[in-house]
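The block underneath contains the structure these notes are about, expressed in structure tokens.
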Amino acid sequence: MNDRKNKHIIEQLGNHPAHKFIVIGGIHGNEQSGVSAIEHILPELKKVFNPNKGNIYFLKGNIDALLKNERFIDKDLNRLWLNKHIQSKQTDIADTRSLRDLHELISRDICQGKYDNCTLLDLHTFSAKSGIFCIPAGNQKSVEFARSFGVPFIEKLSDMLPGTALSYFGNKGMRAVVFEGGTHDTEEATENLAAGLWHALGYAGLIDDDLEIVQESRKKLIEISKKYPHHLELIYRHKLEDWQNFKMNNGYYNFKPVKKEESLAIQDSQEIKSPAGGFMLMPLYQKKGSDGFFIVKEK
């Protein structure tokens, strides 16, 4: 394993090849809470983990962007998971180097080209001010995994975001879920992601599902989410070609109801209105991003 691939590994636990559970924090470099949550749970996890239950791999995503606390350096790593980028020989783009190293680490070294016994949990945060939720890959076992968290989960979003690690590995048959734990750089987000990790590891059978910390974590996630709609699907994605010419109107947050034709943003000096009624998801209040906002509805 080369030195760059080694830098992606925070910790590896277990010695049983039957089940491989992969956790990624910081696939966007300004989302430090995922790495913090991993580091937060590791001391206690090592006390309760049974190495004969499977293998857990805790990974850093975009290591160059994490060092600079930037979403990405040149290109969004979580939009590059396409064969044309994975197979590219280009070496001058840091984000592409992280892509190839992570791909080789996960696909070849960890899963060894067999994805049925691999699970991916991709930890994220957002620039909006409230709400936690899951995004499953487009297969049934991923939907069931997302549903198990007891928080809102959004179907069809992975299908509308080509180039994400979620869609790439989900399309290969892996059980895969993104967990969005809260606002960037907040203690609350780190705590929420840690709670999601405890739940997921219990659900996957890698630790005792009856552990007090697992049960308390589930209660925490359910309590946070009780005021939000739970089963949703994507109906609109506002894709951006140039984030610098987009400005979201103030006051939007995850799951805020929006009406059709409601004014949401300004782009290239033009008013952007909602194409449909539903709920707001991930309004962009940061400098870099590929999407201005999403509209979801209850399923």
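Letters A, B, ... go to the chains of the structure tokens in the order shown; residues in each chain start at 1; ligands are counted from 1 in the same order.
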
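Every protein or nucleic acid residue with an atom no more than 8 Å from Phe58 of chain A, counting only C-alpha atoms and leaving out same-chain residues fewer than 4 positions away, appears here: Ile9, Ile10, Glu11, Gln12, Ile22, Val23, Ile24, Gly25 and Ile38 of chain A.
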
File of the preceding selection, N, CA and C atoms, as an mmCIF file, in the first residue's frame:
```cif
data_model
loop_
_atom_site.group_PDB
_atom_site.id
_atom_site.type_symbol
_atom_site.label_atom_id
_atom_site.label_comp_id
_atom_site.auth_asym_id
_atom_site.auth_seq_id
_atom_site.Cartn_x
_atom_site.Cartn_y
_atom_site.Cartn_z
ATOM 1 N N ILE A 9 -6.159 6.383 5.932
ATOM 2 C CA ILE A 9 -6.627 5.465 6.974
ATOM 3 C C ILE A 9 -6.461 6.099 8.351
ATOM 4 N N ILE A 10 -7.578 6.322 9.038
ATOM 5 C CA ILE A 10 -7.548 6.794 10.419
ATOM 6 C C ILE A 10 -7.327 5.615 11.359
ATOM 7 N N GLU A 11 -8.067 4.537 11.142
ATOM 8 C CA GLU A 11 -7.976 3.341 11.990
ATOM 9 C C GLU A 11 -8.617 2.170 11.255
ATOM 10 N N GLN A 12 -8.094 0.971 11.512
ATOM 11 C CA GLN A 12 -8.697 -0.255 11.004
ATOM 12 C C GLN A 12 -8.829 -1.222 12.162
ATOM 13 N N ILE A 22 -17.115 0.368 6.041
ATOM 14 C CA ILE A 22 -16.240 1.482 5.677
ATOM 15 C C ILE A 22 -16.916 2.790 6.070
ATOM 16 N N VAL A 23 -16.196 3.620 6.818
ATOM 17 C CA VAL A 23 -16.690 4.940 7.209
ATOM 18 C C VAL A 23 -15.749 5.986 6.626
ATOM 19 N N ILE A 24 -16.301 6.965 5.906
ATOM 20 C CA ILE A 24 -15.499 8.063 5.361
ATOM 21 C C ILE A 24 -15.934 9.364 6.022
ATOM 22 N N GLY A 25 -14.971 10.107 6.540
ATOM 23 C CA GLY A 25 -15.207 11.460 7.015
ATOM 24 C C GLY A 25 -14.384 12.432 6.198
ATOM 25 N N ILE A 38 -15.397 10.359 14.240
ATOM 26 C CA ILE A 38 -14.664 9.092 14.239
ATOM 27 C C ILE A 38 -13.663 9.063 15.390
#
```

DSSP says alpha helix (DSSP H) for which residues of segment 110-211 of chain A? Put them as number ranges by chain?
A: 140-148, 157-160, 165-171, 187-203

Mind dumping the selected residues with C-alpha atoms as an mmCIF file, in the first residue's frame?
```cif
data_model
loop_
_atom_site.group_PDB
_atom_site.id
_atom_site.type_symbol
_atom_site.label_atom_id
_atom_site.label_comp_id
_atom_site.auth_asym_id
_atom_site.auth_seq_id
_atom_site.Cartn_x
_atom_site.Cartn_y
_atom_site.Cartn_z
ATOM 1 C CA GLN A 140 -33.239 -1.646 -1.363
ATOM 2 C CA LYS A 141 -30.700 -2.663 1.264
ATOM 3 C CA SER A 142 -29.389 0.908 1.322
ATOM 4 C CA VAL A 143 -32.933 2.260 1.753
ATOM 5 C CA GLU A 144 -33.482 -0.121 4.666
ATOM 6 C CA PHE A 145 -30.191 0.992 6.213
ATOM 7 C CA ALA A 146 -31.177 4.664 5.885
ATOM 8 C CA ARG A 147 -34.625 4.005 7.352
ATOM 9 C CA SER A 148 -33.030 2.362 10.418
ATOM 10 C CA LEU A 157 -31.175 12.060 -4.556
ATOM 11 C CA SER A 158 -28.265 9.704 -5.191
ATOM 12 C CA ASP A 159 -29.609 9.033 -8.701
ATOM 13 C CA MET A 160 -29.663 12.779 -9.411
ATOM 14 C CA ALA A 165 -19.099 7.942 -3.812
ATOM 15 C CA LEU A 166 -22.625 7.005 -2.709
ATOM 16 C CA SER A 167 -23.936 6.489 -6.226
ATOM 17 C CA TYR A 168 -20.723 4.848 -7.474
ATOM 18 C CA PHE A 169 -20.589 2.149 -4.816
ATOM 19 C CA GLY A 170 -24.366 1.813 -4.574
ATOM 20 C CA ASN A 171 -24.493 1.017 -8.277
ATOM 21 C CA GLU A 187 -20.045 20.574 18.267
ATOM 22 C CA GLU A 188 -23.644 19.522 17.669
ATOM 23 C CA ALA A 189 -22.777 18.091 14.244
ATOM 24 C CA THR A 190 -19.891 16.063 15.682
ATOM 25 C CA GLU A 191 -22.177 14.679 18.395
ATOM 26 C CA ASN A 192 -24.920 13.826 15.884
ATOM 27 C CA LEU A 193 -22.474 12.051 13.577
ATOM 28 C CA ALA A 194 -21.064 10.126 16.530
ATOM 29 C CA ALA A 195 -24.603 9.044 17.447
ATOM 30 C CA GLY A 196 -25.154 7.933 13.860
ATOM 31 C CA LEU A 197 -21.953 5.914 13.972
ATOM 32 C CA TRP A 198 -22.975 4.100 17.163
ATOM 33 C CA HIS A 199 -26.366 3.267 15.680
ATOM 34 C CA ALA A 200 -24.887 2.066 12.376
ATOM 35 C CA LEU A 201 -22.287 -0.172 13.998
ATOM 36 C CA GLY A 202 -24.977 -1.736 16.194
ATOM 37 C CA TYR A 203 -27.320 -2.174 13.229
#
```

Pick out the residues sitting within 6 Å of Lys53 of chain A, and hand them over as a list in words; count only C-alpha atoms, and ignore anything fewer than 2 positions along from it in its own chain.
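Answer for this query is Asn50, Pro51 and Leu206 of chain A.
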
Within 6 Å of segment 112-127 of chain A, which residues of segment 180-261 of chain A show up? Give each one with its shortest atom-to-atom distance in Å (one decimal) and the two atoms involved, counting only C-alpha atoms, rows by chain then rising residue number, as JSON lines.
```
{"residue": "A:Glu180", "atom": "CA", "partner": "A:His124", "partner_atom": "CA", "distance": 4.7}
{"residue": "A:Gly181", "atom": "CA", "partner": "A:Thr125", "partner_atom": "CA", "distance": 5.4}
{"residue": "A:Gly182", "atom": "CA", "partner": "A:Thr125", "partner_atom": "CA", "distance": 5.1}
{"residue": "A:Thr183", "atom": "CA", "partner": "A:Phe126", "partner_atom": "CA", "distance": 5.0}
{"residue": "A:His184", "atom": "CA", "partner": "A:Thr125", "partner_atom": "CA", "distance": 5.3}
```

Spatial neighbours of Lys47 of chain A, 12 Å, only C-alpha atoms, chain gap at least 3 places, as a PyMOL selection string:
chain A and resi 13+41-44+50-51+207-208+211

So how far away is atom CA of Ala137 of chain A from atom CA of Met174 of chain A, in Å?
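Going from atom CA of Met174 of chain A over to atom CA of Ala137 of chain A covers 8.4 Å.
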
With only C-alpha atoms as the counted atoms, please give the residues lying no more than 7 Å from His8 of chain A, apart from itself and same-chain residues fewer than 5 positions off, as a ChimeraX atom specification.
/A:59-61,63

Can I get the selection written as a PDB file, in the first residue's frame, with C-alpha atoms?
```
ATOM      1  CA  LEU A  59     -11.034   6.732   6.363  1.00  0.00           C
ATOM      2  CA  LYS A  60     -10.319  10.400   5.666  1.00  0.00           C
ATOM      3  CA  GLY A  61     -11.681  11.628   2.351  1.00  0.00           C
ATOM      4  CA  ILE A  63      -6.798  14.781   2.684  1.00  0.00           C
TER       5      ILE A  63
END
```

Gly277 of chain A environment, 7 Å, only C-alpha atoms, sequence neighbours closer than 2 positions dropped, as a PyMOL selection string:
chain A and resi 258-260

Nearest residue to Ser217 of chain A from the set A:Gly173, A:Leu66, A:Pro275, A:Val151 (distances using only C-alpha atoms):
A:Val151

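One finds atom CA of Lys129 of chain A at 15.9 Å from atom CA of Phe179 of chain A.
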
Under the rule that only C-alpha atoms are counted, which of A:Ser130, A:Gln267, A:Gln215, A:Thr96 is the nearest residue to Met280 of chain A?
A:Ser130

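Atom CA of Gly131 of chain A sits 13.9 Å away from atom CA of Phe294 of chain A.
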
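Considering the residues A:Tyr57, A:Tyr253, A:Phe21, A:Tyr236 and counting only C-alpha atoms, Ser274 of chain A has its shortest atom-to-atom contact with A:Tyr236.
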
Here is a test: counting only C-alpha atoms, which residue of A:Asp185, A:Asp109, A:Glu104, A:Glu155 is nearest to Gln32 of chain A?
A:Asp185

Run DSSP on the backbone and tell me which residues of segment 56-100 of chain A come out as strand (DSSP E); list them as a PyMOL selection string.
chain A and resi 56-60

Restricting the calculation to only C-alpha atoms, which member of A:Lys288, A:Lys273, A:Arg4, A:His16 is positioned closest to Asp242 of chain A?
A:Lys288

Name all residues at most 12 Å from Ser269 of chain A (count only C-alpha atoms; drop same-chain ones fewer than 5 positions away) and give them as a VMD selection string.
chain A and resid 244 to 248

Atoms kept (C-alpha atoms) for selection, written as a CSV table (one decimal), in the first residue's frame:
```
chain,number,residue,atom,x,y,z
A,244,GLN,CA,-19.8,32.5,-7.6
A,245,ASN,CA,-22.8,34.0,-9.4
A,246,PHE,CA,-25.4,32.4,-7.0
A,247,LYS,CA,-26.7,33.8,-3.8
A,248,MET,CA,-29.3,32.0,-1.7
```

Pick the closest to Asn78 of chain A from A:Val177, A:Leu99, A:Ala18, A:Val296: which is it, counting only C-alpha atoms?
A:Leu99
